[in-house]
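Asker: One structure, as structure tokens, below. Some questions next.
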Amino acid sequence: MTDPIATTVLKATGLHRTYRLGRVEVPVLRGVDLEVKEGEWLCVLGASGSGKSTLLHQLGDLDRPDRGAIAWRGRDLSDMRRRERETYRNRAVGFVFQSYHLMPELNVLENVMVASMVGHDPFAWRSMRSEAAHRAEELLDAFGLGHRFSHRPAELSGGERQRVAIARALVNGPDVVLADEPTGNLDVKTGEGILEVLTERHRLGLSIVMVTHDANIAARADRVVKMVDGAVVEDAQVAPEATH
Ligand SMILES: Nc1ncnc2c1ncn2[C@@H]1O[C@H](COP(=O)(O)OP(=O)(O)OP(=O)(O)O)[C@@H](O)[C@H]1O
Ligand SMILES: [Mg+2]
């Protein structure tokens, strides 16, 4: 279980997000408050359409709230300068999308390496390339994809694609992984493999915010948050005996 006095790494306060479709306004987040502690594994549950992905996108700075604030280690994202904010997005956070979002024209190794490349100019990248390739290869090896480096995403199974997507999220050694139903499209056994990888990283101190529909996965988390209609309605510590 997470130490109750552990540092807060990520804090959302009063997040509002409304999407506008023509003249129709769809309020998706209606004042979400959320805190993630260092090394904590938080699961977000909620019905389809309750705003889980939208919340994760705000936390990962992939979309911006209309109102409210997100702070990383006590520093408000909106107070960060452009470079600092990019560093947050590309280095502090690893994002696993609900539907992988791999680049179809890149092979497996390149799909992972691309995360290391972001934010570096071509000259700096040249001197970092082999080190980045090494890290990507190590991760892919550990995920059982050592024989797949030169394959394209279209040639992989769903589970393999998801493992590539998780390798990409981890390759820069993030402090927190935001994972949107990382096992949602997978069979139980493949999903279990993905969870083992994340559980192992969690043991080493990685904070995880994971959206899931699966109560068995939620039981392995330190804390579970439930969303209904764009608001957090429940925020509960998982009983220690239920944790992994
Ligand atoms: N870019 C967008 N433009 C307009 N509406 C959007 C956009 N993104 C999400 N929405 C709407 O916001 C609501 C919440 O979507 P979101 O994807 O956050 O739900 P979710 O809880 O992740 O659902 P699921 O479990 O199905 O993935 C939905 O009604 C959706 O149609
Ligand atoms: Mg979603």
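Residues are named by chain letter and number: chains run A, B, ... in the order of the structure tokens, numbers start at 1 in each chain, and ligands are numbered from 1 in the order shown.
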Tell me, as an MDAnalysis selection string, which residues lie within 10 Å of region 208-216 of chain A, counting only C-alpha atoms; anything in the same chain fewer than 4 positions away does not count.
Answerer: chainID A and resid 36:48 52:53 55:56 59 93:96 98 175:184 198:199 201:202 220:226 242
Asker: Write the residues of the selection above to a file with N, CA and C atoms, as a short mmCIF file (atom, residue, chain, number, x, y, z; two decimals), in the first residue's frame.
Answerer:
data_model
loop_
_atom_site.label_atom_id
_atom_site.label_comp_id
_atom_site.auth_asym_id
_atom_site.auth_seq_id
_atom_site.Cartn_x
_atom_site.Cartn_y
_atom_site.Cartn_z
N VAL A 36 -2.45 11.94 -7.19
CA VAL A 36 -1.71 10.70 -7.35
C VAL A 36 -0.41 10.84 -6.57
N LYS A 37 -0.18 9.88 -5.66
CA LYS A 37 1.04 9.92 -4.84
C LYS A 37 2.18 9.20 -5.55
N GLU A 38 3.37 9.54 -5.12
CA GLU A 38 4.56 8.89 -5.65
C GLU A 38 4.45 7.36 -5.47
N GLY A 39 4.64 6.62 -6.54
CA GLY A 39 4.64 5.16 -6.46
C GLY A 39 3.27 4.53 -6.30
N GLU A 40 2.23 5.31 -6.43
CA GLU A 40 0.88 4.79 -6.24
C GLU A 40 0.32 4.22 -7.55
N TRP A 41 -0.49 3.18 -7.41
CA TRP A 41 -1.21 2.61 -8.55
C TRP A 41 -2.68 2.94 -8.35
N LEU A 42 -3.18 3.80 -9.21
CA LEU A 42 -4.56 4.25 -9.10
C LEU A 42 -5.36 3.70 -10.28
N CYS A 43 -6.51 3.11 -10.00
CA CYS A 43 -7.38 2.66 -11.08
C CYS A 43 -8.58 3.59 -11.19
N VAL A 44 -8.97 3.89 -12.40
CA VAL A 44 -10.15 4.72 -12.64
C VAL A 44 -11.21 3.85 -13.29
N LEU A 45 -12.34 3.71 -12.59
CA LEU A 45 -13.46 2.93 -13.11
C LEU A 45 -14.58 3.88 -13.51
N GLY A 46 -15.48 3.39 -14.34
CA GLY A 46 -16.64 4.22 -14.70
C GLY A 46 -17.25 3.72 -15.99
N ALA A 47 -18.53 3.99 -16.17
CA ALA A 47 -19.23 3.53 -17.36
C ALA A 47 -18.65 4.19 -18.61
N SER A 48 -18.92 3.60 -19.74
CA SER A 48 -18.50 4.18 -21.02
C SER A 48 -19.11 5.58 -21.15
N LYS A 52 -13.50 9.08 -18.60
CA LYS A 52 -12.22 8.51 -18.15
C LYS A 52 -11.07 8.86 -19.11
N SER A 53 -11.28 8.61 -20.40
CA SER A 53 -10.21 8.92 -21.37
C SER A 53 -9.94 10.42 -21.39
N LEU A 55 -10.28 12.53 -18.99
CA LEU A 55 -9.48 12.86 -17.80
C LEU A 55 -8.02 12.51 -18.01
N LEU A 56 -7.77 11.30 -18.54
CA LEU A 56 -6.39 10.86 -18.75
C LEU A 56 -5.67 11.78 -19.74
N LEU A 59 -4.57 14.82 -17.90
CA LEU A 59 -3.43 14.55 -17.02
C LEU A 59 -2.13 14.43 -17.81
N VAL A 93 5.90 11.66 -18.19
CA VAL A 93 4.70 10.84 -18.36
C VAL A 93 4.89 9.86 -19.51
N GLY A 94 4.42 8.64 -19.33
CA GLY A 94 4.32 7.68 -20.43
C GLY A 94 2.84 7.40 -20.66
N PHE A 95 2.40 7.51 -21.91
CA PHE A 95 0.97 7.38 -22.18
C PHE A 95 0.69 6.10 -22.98
N VAL A 96 -0.25 5.29 -22.50
CA VAL A 96 -0.69 4.10 -23.24
C VAL A 96 -2.12 4.36 -23.68
N GLN A 98 -5.88 4.00 -25.50
CA GLN A 98 -6.92 2.97 -25.53
C GLN A 98 -6.78 2.09 -26.78
N ASP A 175 8.06 8.86 -14.68
CA ASP A 175 7.69 8.71 -13.27
C ASP A 175 6.28 8.17 -13.14
N VAL A 176 5.46 8.46 -14.15
CA VAL A 176 4.07 8.01 -14.09
C VAL A 176 3.63 7.50 -15.47
N VAL A 177 2.90 6.40 -15.45
CA VAL A 177 2.30 5.90 -16.68
C VAL A 177 0.80 6.11 -16.61
N LEU A 178 0.26 6.71 -17.66
CA LEU A 178 -1.18 6.88 -17.78
C LEU A 178 -1.65 5.87 -18.81
N ALA A 179 -2.39 4.88 -18.37
CA ALA A 179 -2.74 3.76 -19.26
C ALA A 179 -4.25 3.66 -19.40
N ASP A 180 -4.72 3.80 -20.64
CA ASP A 180 -6.16 3.81 -20.91
C ASP A 180 -6.61 2.43 -21.35
N GLU A 181 -7.16 1.68 -20.42
CA GLU A 181 -7.59 0.30 -20.68
C GLU A 181 -6.54 -0.51 -21.43
N PRO A 182 -5.37 -0.67 -20.85
CA PRO A 182 -4.29 -1.35 -21.56
C PRO A 182 -4.57 -2.82 -21.83
N THR A 183 -5.55 -3.39 -21.14
CA THR A 183 -5.86 -4.80 -21.39
C THR A 183 -7.25 -4.97 -21.98
N GLY A 184 -7.88 -3.83 -22.33
CA GLY A 184 -9.28 -3.86 -22.77
C GLY A 184 -9.57 -4.73 -23.98
N LEU A 198 3.59 -4.22 -15.86
CA LEU A 198 3.33 -2.97 -15.15
C LEU A 198 3.48 -3.15 -13.63
N THR A 199 3.08 -4.32 -13.12
CA THR A 199 3.21 -4.58 -11.69
C THR A 199 4.68 -4.54 -11.28
N ARG A 201 7.11 -2.87 -12.75
CA ARG A 201 7.56 -1.47 -12.76
C ARG A 201 7.03 -0.71 -11.54
N HIS A 202 5.80 -1.04 -11.18
CA HIS A 202 5.19 -0.41 -10.02
C HIS A 202 5.99 -0.73 -8.76
N ARG A 220 -6.08 -5.02 -7.69
CA ARG A 220 -4.62 -5.04 -7.53
C ARG A 220 -4.04 -3.65 -7.31
N ALA A 221 -4.86 -2.63 -7.49
CA ALA A 221 -4.38 -1.25 -7.36
C ALA A 221 -4.30 -0.84 -5.89
N ASP A 222 -3.64 0.29 -5.63
CA ASP A 222 -3.60 0.83 -4.27
C ASP A 222 -4.87 1.60 -3.96
N ARG A 223 -5.41 2.23 -5.01
CA ARG A 223 -6.59 3.08 -4.82
C ARG A 223 -7.48 3.01 -6.04
N VAL A 224 -8.76 3.12 -5.82
CA VAL A 224 -9.71 3.07 -6.92
C VAL A 224 -10.58 4.32 -6.89
N VAL A 225 -10.72 4.92 -8.08
CA VAL A 225 -11.54 6.11 -8.20
C VAL A 225 -12.67 5.78 -9.16
N LYS A 226 -13.88 6.16 -8.82
CA LYS A 226 -14.99 5.86 -9.71
C LYS A 226 -15.55 7.16 -10.29
N ALA A 242 -6.07 -7.11 -0.21
CA ALA A 242 -6.51 -7.32 -1.60
C ALA A 242 -5.46 -6.92 -2.59
#
Asker: Could you pull out the strand (DSSP E) residues of region 62-170 of chain A from DSSP and send them as number ranges by chain?
Answerer: A: 67-72, 75-76, 93-96
Asker: Kindly save the residues from that selection, with C-alpha atoms included, as an mmCIF file, in the first residue's frame.
Answerer:
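Everything below was put into selection_0.cif:
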data_model
loop_
_atom_site.group_PDB
_atom_site.id
_atom_site.type_symbol
_atom_site.label_atom_id
_atom_site.label_comp_id
_atom_site.auth_asym_id
_atom_site.auth_seq_id
_atom_site.Cartn_x
_atom_site.Cartn_y
_atom_site.Cartn_z
ATOM 1 C CA ARG A 67 -11.154 25.354 -16.166
ATOM 2 C CA GLY A 68 -9.137 23.906 -13.322
ATOM 3 C CA ALA A 69 -5.480 23.096 -12.877
ATOM 4 C CA ILE A 70 -3.038 20.231 -13.126
ATOM 5 C CA ALA A 71 0.141 20.312 -11.100
ATOM 6 C CA TRP A 72 3.207 18.102 -11.514
ATOM 7 C CA ARG A 75 4.174 22.970 -10.271
ATOM 8 C CA ASP A 76 1.161 24.064 -12.266
ATOM 9 C CA VAL A 93 4.703 10.837 -18.359
ATOM 10 C CA GLY A 94 4.317 7.681 -20.433
ATOM 11 C CA PHE A 95 0.967 7.377 -22.185
ATOM 12 C CA VAL A 96 -0.685 4.102 -23.242
#
Asker: Expressed in Å to a single decimal, how great is the separation between CA of Arg91 (chain A) and CA of Phe123 (chain A)?
Answerer: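 Taking CA of Arg91 (chain A) as the start and CA of Phe123 (chain A) as the end point, the length is 19.3 Å.
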Asker: Looking only at the backbone, which of the residues in region 15-208 of chain A does DSSP tag as alpha helix (DSSP H), as an MDAnalysis selection string?
Answerer: chainID A and resid 52:59 82:87 108:117 122:142 158:170 188:203
Asker: Include C-alpha atoms and write out the residues we just selected as a PDB file, in the first residue's frame.
Answerer:
ATOM      1  CA  LYS A  52     -12.215   8.507 -18.151  1.00  0.00           C
ATOM      2  CA  SER A  53     -10.213   8.917 -21.368  1.00  0.00           C
ATOM      3  CA  THR A  54     -10.858  12.651 -21.346  1.00  0.00           C
ATOM      4  CA  LEU A  55      -9.485  12.865 -17.797  1.00  0.00           C
ATOM      5  CA  LEU A  56      -6.393  10.860 -18.747  1.00  0.00           C
ATOM      6  CA  HIS A  57      -5.789  13.117 -21.753  1.00  0.00           C
ATOM      7  CA  GLN A  58      -5.842  16.181 -19.477  1.00  0.00           C
ATOM      8  CA  LEU A  59      -3.429  14.555 -17.015  1.00  0.00           C
ATOM      9  CA  ARG A  82       6.964  25.587 -23.425  1.00  0.00           C
ATOM     10  CA  ARG A  83      10.127  23.457 -23.087  1.00  0.00           C
ATOM     11  CA  GLU A  84       9.421  22.487 -19.513  1.00  0.00           C
ATOM     12  CA  ARG A  85       5.900  21.499 -20.434  1.00  0.00           C
ATOM     13  CA  GLU A  86       7.160  19.384 -23.337  1.00  0.00           C
ATOM     14  CA  THR A  87       9.556  17.674 -20.963  1.00  0.00           C
ATOM     15  CA  VAL A 108       8.377  -2.217 -33.878  1.00  0.00           C
ATOM     16  CA  LEU A 109      11.790  -0.917 -32.831  1.00  0.00           C
ATOM     17  CA  GLU A 110      11.241   2.472 -34.471  1.00  0.00           C
ATOM     18  CA  ASN A 111       7.817   2.800 -32.869  1.00  0.00           C
ATOM     19  CA  VAL A 112       9.440   2.538 -29.433  1.00  0.00           C
ATOM     20  CA  MET A 113      12.469   4.675 -30.304  1.00  0.00           C
ATOM     21  CA  VAL A 114      10.327   7.510 -31.598  1.00  0.00           C
ATOM     22  CA  ALA A 115       9.391   8.390 -28.014  1.00  0.00           C
ATOM     23  CA  SER A 116      13.066   9.016 -27.226  1.00  0.00           C
ATOM     24  CA  MET A 117      13.494  11.129 -30.344  1.00  0.00           C
ATOM     25  CA  PRO A 122      18.478  15.977 -35.392  1.00  0.00           C
ATOM     26  CA  PHE A 123      22.080  16.703 -34.370  1.00  0.00           C
ATOM     27  CA  ALA A 124      21.550  15.796 -30.694  1.00  0.00           C
ATOM     28  CA  TRP A 125      19.532  12.773 -31.762  1.00  0.00           C
ATOM     29  CA  ARG A 126      22.407  11.420 -33.853  1.00  0.00           C
ATOM     30  CA  SER A 127      24.608  11.085 -30.790  1.00  0.00           C
ATOM     31  CA  MET A 128      21.791   9.554 -28.720  1.00  0.00           C
ATOM     32  CA  ARG A 129      20.413   7.187 -31.308  1.00  0.00           C
ATOM     33  CA  SER A 130      22.346   4.024 -30.475  1.00  0.00           C
ATOM     34  CA  GLU A 131      21.748   4.418 -26.741  1.00  0.00           C
ATOM     35  CA  ALA A 132      18.001   4.895 -27.436  1.00  0.00           C
ATOM     36  CA  ALA A 133      17.968   1.850 -29.711  1.00  0.00           C
ATOM     37  CA  HIS A 134      19.639  -0.173 -26.978  1.00  0.00           C
ATOM     38  CA  ARG A 135      17.033   0.827 -24.391  1.00  0.00           C
ATOM     39  CA  ALA A 136      14.195   0.082 -26.821  1.00  0.00           C
ATOM     40  CA  GLU A 137      15.679  -3.322 -27.664  1.00  0.00           C
ATOM     41  CA  GLU A 138      16.088  -4.214 -23.998  1.00  0.00           C
ATOM     42  CA  LEU A 139      12.481  -3.364 -23.234  1.00  0.00           C
ATOM     43  CA  LEU A 140      11.112  -5.193 -26.260  1.00  0.00           C
ATOM     44  CA  ASP A 141      13.233  -8.219 -25.352  1.00  0.00           C
ATOM     45  CA  ALA A 142      11.833  -8.173 -21.836  1.00  0.00           C
ATOM     46  CA  GLY A 158      -3.414  -7.124 -30.549  1.00  0.00           C
ATOM     47  CA  GLY A 159      -1.420  -8.246 -27.512  1.00  0.00           C
ATOM     48  CA  GLU A 160       1.875  -7.691 -29.295  1.00  0.00           C
ATOM     49  CA  ARG A 161       0.801  -4.223 -30.390  1.00  0.00           C
ATOM     50  CA  GLN A 162      -0.184  -3.352 -26.875  1.00  0.00           C
ATOM     51  CA  ARG A 163       3.208  -4.520 -25.588  1.00  0.00           C
ATOM     52  CA  VAL A 164       4.924  -2.286 -28.144  1.00  0.00           C
ATOM     53  CA  ALA A 165       2.722   0.615 -26.995  1.00  0.00           C
ATOM     54  CA  ILE A 166       3.687  -0.048 -23.370  1.00  0.00           C
ATOM     55  CA  ALA A 167       7.379  -0.289 -24.269  1.00  0.00           C
ATOM     56  CA  ARG A 168       7.053   3.099 -25.968  1.00  0.00           C
ATOM     57  CA  ALA A 169       5.415   4.524 -22.835  1.00  0.00           C
ATOM     58  CA  LEU A 170       8.249   3.199 -20.629  1.00  0.00           C
ATOM     59  CA  VAL A 188      -7.182 -12.862 -20.256  1.00  0.00           C
ATOM     60  CA  LYS A 189      -3.758 -14.508 -20.609  1.00  0.00           C
ATOM     61  CA  THR A 190      -2.263 -11.734 -22.756  1.00  0.00           C
ATOM     62  CA  GLY A 191      -3.778  -9.120 -20.473  1.00  0.00           C
ATOM     63  CA  GLU A 192      -2.184 -10.857 -17.492  1.00  0.00           C
ATOM     64  CA  GLY A 193       1.231 -10.612 -19.181  1.00  0.00           C
ATOM     65  CA  ILE A 194       0.761  -6.859 -19.658  1.00  0.00           C
ATOM     66  CA  LEU A 195      -0.272  -6.464 -16.025  1.00  0.00           C
ATOM     67  CA  GLU A 196       2.797  -8.363 -14.851  1.00  0.00           C
ATOM     68  CA  VAL A 197       5.035  -5.960 -16.740  1.00  0.00           C
ATOM     69  CA  LEU A 198       3.332  -2.972 -15.146  1.00  0.00           C
ATOM     70  CA  THR A 199       3.213  -4.582 -11.687  1.00  0.00           C
ATOM     71  CA  GLU A 200       6.963  -5.134 -11.867  1.00  0.00           C
ATOM     72  CA  ARG A 201       7.564  -1.469 -12.759  1.00  0.00           C
ATOM     73  CA  HIS A 202       5.186  -0.413 -10.018  1.00  0.00           C
ATOM     74  CA  ARG A 203       7.301  -2.357  -7.514  1.00  0.00           C
TER      75      ARG A 203
END
Asker: For ligand 2, which of A:Tyr19, A:Phe143, A:Tyr88, A:Phe97 is the closest residue, counting only C-alpha atoms and all ligand atoms?
Answerer: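 Selected residue with least distance to ligand 2: A:Phe97.
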